[in-house]
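S.K.: Right, I'll just put the structure down here and ask away after.
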Amino acid sequence: MRKFFISKKLMIMFLAVALLCANVGMAIAQELVVYSGRGERLIKPVLDEFTKKTGIKITLHSAGTVELLNKLLAEGDRTPADVYLTVDAGTLERARIAGLLQPIKSEIITKNIPAPMRAIDNSWTGLSLRMRVIAYNPQKVKPEEIKTFESLMNPKWKGRLGIRTGSNVYPQSHTAMMIAEKGEAETEKFLKAVVANAGDKIYPSDTRAVEAVAKGEVDVAIVNHYYVYGHLRKTPDDSKTLAFVVPPKTTYNVSGGGILKTSKNKEAAQKLIEFMASDEGQIMFAEENREYPVNPKVSAHESMLKRDKFTLSTTTLSTMGRHMMPAIDLIDKVGYR
């Protein structure tokens, strides 16, 4: 009888330990490590709202998009990262090609995110839309002078054009999309012309390029649209010296994200990606940064140019991404520093 009693006690102890271990496992599963190339002030409110709704805690590591890709490649299977967020689809495509990302099977993402803004195997998805535009000073430039990016090849813009440094992913992805559309030869002509016209007016950020237009340092600049909105939100009086033109079928890009194949918390990671692809997440991106929701059914901020007033390139982002390395090589070739 005593032997049976001890065995029963042991069984209860074993069950208690097993239950404790299961609870510990669940607790671990409710934490995510996110590598983010987005500015922390822009992504943290979205992540905080996700944690508030789900209880899933997030450890955020912020750095440059390409810097984090190199970090993931160096860490390999040892990486603690569950989710990789970027400011650029081209870098996500490079991560996919390198075999870092896990295809995502999600009705939410398939329903909300158009196919051209996802990877061909759904291993990454766009989360907020940004487009390349031509910022200009209305006091010095007429909109009809800058209808296309190719307009900026004209020598009359020499010393009047500002561009962002070629080491940044924005001009790199712009170049990659041009290669996909026009081929390397035509893209090389474009790059040589705009670099010659810019001269020393090459800026470390789109923010600085927009400021240069508003302050009269340059008359035109190639930037992402939301930098213009951001500047005018802070300095509304600069609307006299700052506006932008959207070329037809303009180059576009997305901030986006994917789940690492090595993630130990794939279920929680998918919940995070799905939250950012939901109506609520999409609205937060638009409100915080004046980006366009990738989901076309979600309205952009009321202050922004309506969707029917511009058109995007027909090139898919996955196609653009496959031209990123040739684009970087071409940028180096023409001396676009």
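Simple scheme: letters A, B, ... for chains in structure tokens order, numbers from 1 for residues in each chain, numbers from 1 for ligands in the order shown.
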Please list as a list in words every residue within 9 Å of Thr125 of chain A, counting only C-alpha atoms and excluding residues in the same chain fewer than 2 positions away.
M.R.: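 Answer for this query is Ala89, Leu92, Ile104, Ile109, Ile113, Ala115, Met117, Arg118, Ala119, Asn122, Ser123, Leu127, Val254, Ser255, Gly256, Gly257, Gly258, Ile273 and Ala277 of chain A.
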S.K.: For the selection you just gave me, I'd like the residues written to a file as a PDB file, in the first residue's frame, keeping N, CA and C atoms.
M.R.:
```
ATOM      1  N   ALA A  89      11.845  46.798 -49.964  1.00  0.00           N
ATOM      2  CA  ALA A  89      11.515  45.455 -50.445  1.00  0.00           C
ATOM      3  C   ALA A  89      12.714  44.768 -51.086  1.00  0.00           C
ATOM      4  N   LEU A  92      14.556  42.868 -48.504  1.00  0.00           N
ATOM      5  CA  LEU A  92      13.790  41.675 -48.137  1.00  0.00           C
ATOM      6  C   LEU A  92      13.945  40.583 -49.186  1.00  0.00           C
ATOM      7  N   ILE A 104       5.005  32.510 -45.561  1.00  0.00           N
ATOM      8  CA  ILE A 104       3.901  32.731 -44.624  1.00  0.00           C
ATOM      9  C   ILE A 104       2.589  32.312 -45.277  1.00  0.00           C
ATOM     10  N   ILE A 109      -3.066  38.116 -44.780  1.00  0.00           N
ATOM     11  CA  ILE A 109      -2.093  38.774 -45.648  1.00  0.00           C
ATOM     12  C   ILE A 109      -2.503  38.645 -47.107  1.00  0.00           C
ATOM     13  N   ILE A 113      -3.030  42.304 -48.692  1.00  0.00           N
ATOM     14  CA  ILE A 113      -1.835  42.830 -49.356  1.00  0.00           C
ATOM     15  C   ILE A 113      -1.806  42.376 -50.815  1.00  0.00           C
ATOM     16  N   ALA A 115      -0.734  41.143 -54.434  1.00  0.00           N
ATOM     17  CA  ALA A 115       0.355  40.236 -54.804  1.00  0.00           C
ATOM     18  C   ALA A 115       1.627  40.954 -55.261  1.00  0.00           C
ATOM     19  N   MET A 117       3.010  43.338 -54.110  1.00  0.00           N
ATOM     20  CA  MET A 117       3.711  43.892 -52.962  1.00  0.00           C
ATOM     21  C   MET A 117       4.064  42.821 -51.945  1.00  0.00           C
ATOM     22  N   ARG A 118       4.120  41.577 -52.422  1.00  0.00           N
ATOM     23  CA  ARG A 118       4.564  40.447 -51.607  1.00  0.00           C
ATOM     24  C   ARG A 118       5.608  39.648 -52.378  1.00  0.00           C
ATOM     25  N   ALA A 119       6.364  38.828 -51.649  1.00  0.00           N
ATOM     26  CA  ALA A 119       7.300  37.915 -52.294  1.00  0.00           C
ATOM     27  C   ALA A 119       6.538  36.867 -53.084  1.00  0.00           C
ATOM     28  N   ASN A 122       5.524  34.408 -50.737  1.00  0.00           N
ATOM     29  CA  ASN A 122       4.943  34.990 -49.516  1.00  0.00           C
ATOM     30  C   ASN A 122       5.877  34.917 -48.308  1.00  0.00           C
ATOM     31  N   SER A 123       7.175  34.914 -48.548  1.00  0.00           N
ATOM     32  CA  SER A 123       8.114  34.897 -47.425  1.00  0.00           C
ATOM     33  C   SER A 123       8.358  36.301 -46.876  1.00  0.00           C
ATOM     34  N   LEU A 127       4.264  46.376 -46.026  1.00  0.00           N
ATOM     35  CA  LEU A 127       3.416  46.831 -44.922  1.00  0.00           C
ATOM     36  C   LEU A 127       3.017  48.299 -45.049  1.00  0.00           C
ATOM     37  N   VAL A 254       8.196  49.595 -50.591  1.00  0.00           N
ATOM     38  CA  VAL A 254       7.435  49.396 -49.358  1.00  0.00           C
ATOM     39  C   VAL A 254       8.395  49.198 -48.194  1.00  0.00           C
ATOM     40  N   SER A 255       7.949  49.594 -47.008  1.00  0.00           N
ATOM     41  CA  SER A 255       8.535  48.995 -45.821  1.00  0.00           C
ATOM     42  C   SER A 255       7.839  47.640 -45.702  1.00  0.00           C
ATOM     43  N   GLY A 256       8.512  46.678 -45.126  1.00  0.00           N
ATOM     44  CA  GLY A 256       7.898  45.356 -45.063  1.00  0.00           C
ATOM     45  C   GLY A 256       8.549  44.476 -44.029  1.00  0.00           C
ATOM     46  N   GLY A 257       8.146  43.220 -44.013  1.00  0.00           N
ATOM     47  CA  GLY A 257       8.689  42.321 -43.012  1.00  0.00           C
ATOM     48  C   GLY A 257       8.542  40.865 -43.390  1.00  0.00           C
ATOM     49  N   GLY A 258       9.320  40.042 -42.707  1.00  0.00           N
ATOM     50  CA  GLY A 258       9.269  38.603 -42.909  1.00  0.00           C
ATOM     51  C   GLY A 258       9.654  37.878 -41.630  1.00  0.00           C
ATOM     52  N   ILE A 273       3.070  40.027 -37.885  1.00  0.00           N
ATOM     53  CA  ILE A 273       2.994  40.433 -39.292  1.00  0.00           C
ATOM     54  C   ILE A 273       1.534  40.660 -39.696  1.00  0.00           C
ATOM     55  N   ALA A 277      -0.478  44.041 -41.038  1.00  0.00           N
ATOM     56  CA  ALA A 277      -1.198  43.996 -42.311  1.00  0.00           C
ATOM     57  C   ALA A 277      -2.697  44.228 -42.138  1.00  0.00           C
TER      58      ALA A 277
END
```
S.K.: Just asking: which residues within segment 218-332 of chain A are strand (DSSP E or B) according to DSSP, as a list in words?
M.R.: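 Of segment 218-332 of chain A, only Val220, Ala221, Ile222, Val223, Asn224, Ala243, Phe244, Val245, Thr250, Tyr252, Asn253, Val254, Ser255, Gly256, Gly257, Gly258, Ile259, Leu260, Tyr292, Pro293 and Leu312 of chain A fall in strand (DSSP E or B).
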S.K.: Nearest to Met276 of chain A among A:Val220, A:Leu100, A:Leu32, A:Leu47, with distances taken over only C-alpha atoms: which residue is it?
M.R.: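 When distances to Met276 of chain A are compared using only C-alpha atoms, the smallest one comes from A:Leu47.
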S.K.: Write out as a list in words each polymer residue whose atoms come within 12 Å of Gly183 of chain A, counting only C-alpha atoms; drop sequence neighbours fewer than 4 positions from it.
M.R.: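 Non-adjacent residues within range: Thr175, Ala176, Met177, Met178, Ile179, Thr187, Glu188, Lys189, Phe190, Met320, His323, Pro326, Ala327 and Leu330 of chain A.
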S.K.: Could those selected residues go to a file with N, CA and C atoms, as a compact mmCIF listing (two decimals), in the first residue's frame?
M.R.:
```txt
# COMPACT_ATOMS: atom_id res chain seq x y z
N THR A 175 17.03 52.65 -58.61
CA THR A 175 17.87 52.21 -59.74
C THR A 175 17.50 50.80 -60.16
N ALA A 176 17.25 49.92 -59.20
CA ALA A 176 16.89 48.54 -59.51
C ALA A 176 15.59 48.47 -60.30
N MET A 177 14.61 49.30 -59.94
CA MET A 177 13.35 49.29 -60.68
C MET A 177 13.54 49.85 -62.08
N MET A 178 14.40 50.85 -62.23
CA MET A 178 14.69 51.39 -63.56
C MET A 178 15.36 50.34 -64.44
N ILE A 179 16.28 49.58 -63.86
CA ILE A 179 16.93 48.50 -64.63
C ILE A 179 15.89 47.49 -65.10
N THR A 187 19.52 53.01 -67.87
CA THR A 187 19.64 53.42 -66.47
C THR A 187 21.00 54.06 -66.20
N GLU A 188 22.03 53.52 -66.82
CA GLU A 188 23.37 54.11 -66.66
C GLU A 188 23.40 55.55 -67.18
N LYS A 189 22.76 55.79 -68.33
CA LYS A 189 22.70 57.16 -68.87
C LYS A 189 22.02 58.10 -67.89
N PHE A 190 20.92 57.62 -67.29
CA PHE A 190 20.19 58.43 -66.32
C PHE A 190 21.06 58.76 -65.11
N MET A 320 11.86 43.88 -58.89
CA MET A 320 12.82 44.93 -58.56
C MET A 320 13.92 44.39 -57.66
N HIS A 323 17.02 42.81 -58.97
CA HIS A 323 17.97 43.67 -59.67
C HIS A 323 18.76 44.55 -58.70
N PRO A 326 22.79 44.22 -59.23
CA PRO A 326 23.22 44.95 -60.43
C PRO A 326 23.08 46.46 -60.26
N ALA A 327 22.05 46.90 -59.53
CA ALA A 327 21.86 48.33 -59.29
C ALA A 327 23.00 48.90 -58.47
N LEU A 330 26.02 49.18 -60.60
CA LEU A 330 25.93 50.28 -61.56
C LEU A 330 26.15 51.63 -60.87
```
S.K.: Determine, using only C-alpha atoms, which residues of segment 72-185 of chain A have any atom at most 10 Å from an atom of segment 198-211 of chain A, and tabulate each with its shortest atom pair and distance in Å to one decimal place, rows ordered by chain and then rising number, as a tab-separated table.
M.R.:
```
residue	atom	partner	partner_atom	distance
A:Ile134	CA	A:Val210	CA	9.8
A:Ala135	CA	A:Val210	CA	6.9
A:Tyr136	CA	A:Val210	CA	8.6
A:Asn137	CA	A:Val210	CA	10.0
A:Leu152	CA	A:Ala198	CA	9.7
A:Trp157	CA	A:Ala198	CA	7.9
A:Lys158	CA	A:Ala198	CA	6.2
A:Gly159	CA	A:Ala198	CA	5.6
A:Arg160	CA	A:Ala198	CA	6.8
A:Leu161	CA	A:Ala198	CA	4.9
A:Gly162	CA	A:Lys201	CA	5.0
A:Ile163	CA	A:Ile202	CA	5.0
A:Arg164	CA	A:Tyr203	CA	4.7
A:Thr165	CA	A:Ile202	CA	5.6
A:Gly166	CA	A:Ile202	CA	8.6
A:Ser167	CA	A:Pro204	CA	9.2
A:Asn168	CA	A:Pro204	CA	8.4
A:Tyr170	CA	A:Asp206	CA	9.1
```
S.K.: Please save N, CA and C atoms of the selected residues as an mmCIF file, in the first residue's frame.
M.R.:
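Contents of the output file again.cif:
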```cif
data_model
loop_
_atom_site.group_PDB
_atom_site.id
_atom_site.type_symbol
_atom_site.label_atom_id
_atom_site.label_comp_id
_atom_site.auth_asym_id
_atom_site.auth_seq_id
_atom_site.Cartn_x
_atom_site.Cartn_y
_atom_site.Cartn_z
ATOM 1 N N ILE A 134 9.440 63.993 -57.177
ATOM 2 C CA ILE A 134 10.364 65.107 -57.396
ATOM 3 C C ILE A 134 9.889 66.283 -56.559
ATOM 4 N N ALA A 135 10.636 66.585 -55.493
ATOM 5 C CA ALA A 135 10.347 67.769 -54.690
ATOM 6 C C ALA A 135 10.871 68.987 -55.443
ATOM 7 N N TYR A 136 10.140 70.108 -55.334
ATOM 8 C CA TYR A 136 10.588 71.292 -56.068
ATOM 9 C C TYR A 136 10.154 72.568 -55.355
ATOM 10 N N ASN A 137 10.789 73.660 -55.734
ATOM 11 C CA ASN A 137 10.466 74.980 -55.215
ATOM 12 C C ASN A 137 9.521 75.670 -56.202
ATOM 13 N N LEU A 152 15.079 65.389 -65.371
ATOM 14 C CA LEU A 152 16.192 65.882 -64.559
ATOM 15 C C LEU A 152 17.551 65.601 -65.191
ATOM 16 N N TRP A 157 19.515 71.658 -65.176
ATOM 17 C CA TRP A 157 19.404 71.398 -63.747
ATOM 18 C C TRP A 157 20.770 71.296 -63.069
ATOM 19 N N LYS A 158 21.827 71.529 -63.802
ATOM 20 C CA LYS A 158 23.169 71.436 -63.233
ATOM 21 C C LYS A 158 23.315 72.444 -62.087
ATOM 22 N N GLY A 159 23.669 71.929 -60.920
ATOM 23 C CA GLY A 159 23.801 72.770 -59.735
ATOM 24 C C GLY A 159 22.489 73.082 -59.056
ATOM 25 N N ARG A 160 21.381 72.624 -59.632
ATOM 26 C CA ARG A 160 20.049 72.915 -59.085
ATOM 27 C C ARG A 160 19.365 71.657 -58.545
ATOM 28 N N LEU A 161 19.983 70.503 -58.746
ATOM 29 C CA LEU A 161 19.390 69.212 -58.385
ATOM 30 C C LEU A 161 20.059 68.638 -57.141
ATOM 31 N N GLY A 162 19.240 68.156 -56.205
ATOM 32 C CA GLY A 162 19.739 67.463 -55.033
ATOM 33 C C GLY A 162 19.339 65.994 -55.073
ATOM 34 N N ILE A 163 20.259 65.109 -54.682
ATOM 35 C CA ILE A 163 19.974 63.674 -54.630
ATOM 36 C C ILE A 163 20.537 63.099 -53.335
ATOM 37 N N ARG A 164 20.036 61.942 -52.969
ATOM 38 C CA ARG A 164 20.536 61.272 -51.765
ATOM 39 C C ARG A 164 21.725 60.385 -52.120
ATOM 40 N N THR A 165 22.623 60.195 -51.164
ATOM 41 C CA THR A 165 23.815 59.397 -51.392
ATOM 42 C C THR A 165 23.479 58.015 -51.969
ATOM 43 N N GLY A 166 24.285 57.571 -52.913
ATOM 44 C CA GLY A 166 24.042 56.307 -53.598
ATOM 45 C C GLY A 166 24.245 55.079 -52.731
ATOM 46 N N SER A 167 24.783 55.253 -51.533
ATOM 47 C CA SER A 167 24.968 54.117 -50.628
ATOM 48 C C SER A 167 23.676 53.750 -49.894
ATOM 49 N N ASN A 168 22.633 54.547 -50.086
ATOM 50 C CA ASN A 168 21.370 54.309 -49.408
ATOM 51 C C ASN A 168 20.449 53.406 -50.224
ATOM 52 N N TYR A 170 17.281 53.622 -50.764
ATOM 53 C CA TYR A 170 16.230 54.269 -51.554
ATOM 54 C C TYR A 170 16.672 54.511 -52.992
#
```
S.K.: Which polymer residues have any atom within 12 Å of an atom of Glu67 of chain A, counting only C-alpha atoms, with same-chain residues fewer than 2 positions away left out, as a list in words?
M.R.: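 Listed by chain and then number, they are Tyr35, Ser36, Gly37, Arg38, His61, Ser62, Ala63, Gly64, Thr65, Leu69, Asn70, Lys71, Leu72, Leu73, Ala74, Tyr84, Thr86, Thr91, Ser167, Asn168 and Val169 of chain A.
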S.K.: Using only C-alpha atoms, find the one residue out of A:His225, A:His231, A:Lys271, A:Arg337 that sits nearest to Leu305 of chain A.
M.R.: A:His225
S.K.: If we count only C-alpha atoms and set the cut-off at 7 Å, which residues sit around Val33 of chain A, ignoring sequence neighbours fewer than 2 positions away in its own chain? Please answer as an mmCIF file with C-alpha atoms, in the first residue's frame.
M.R.:
```cif
data_model
loop_
_atom_site.group_PDB
_atom_site.id
_atom_site.type_symbol
_atom_site.label_atom_id
_atom_site.label_comp_id
_atom_site.auth_asym_id
_atom_site.auth_seq_id
_atom_site.Cartn_x
_atom_site.Cartn_y
_atom_site.Cartn_z
ATOM 1 C CA GLU A 31 8.250 36.892 -26.575
ATOM 2 C CA TYR A 35 15.313 43.285 -36.037
ATOM 3 C CA ILE A 58 8.855 42.383 -28.071
ATOM 4 C CA THR A 59 12.577 42.992 -27.824
ATOM 5 C CA LEU A 60 13.431 45.535 -30.520
ATOM 6 C CA PRO A 80 17.896 35.341 -31.881
ATOM 7 C CA ALA A 81 15.711 37.251 -34.362
ATOM 8 C CA ASP A 82 12.155 36.118 -35.069
ATOM 9 C CA VAL A 83 11.052 38.947 -37.391
#
```
S.K.: Quote the spacing between atom CA of Val246 of chain A and atom CA of Ala221 of chain A in Å to one decimal place.
M.R.: 12.1 Å
S.K.: To one decimal in Å, tell me the separation between atom CA of Lys297 of chain A and atom CA of Arg41 of chain A.
M.R.: 25.7 Å
S.K.: Mind checking DSSP for segment 51-281 of chain A and telling me the alpha helix (DSSP H) residues as a VMD selection string?
M.R.: chain A and resid 51 to 54 65 to 75 89 to 97 107 to 112 169 to 182 184 to 198 206 to 215 225 to 234 266 to 277 279 to 281
S.K.: For atom CA of Asp308 of chain A and atom CA of Gln282 of chain A, quote the distance in Å rounded to one decimal.
M.R.: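 Interatomic distance here is 18.9 Å.
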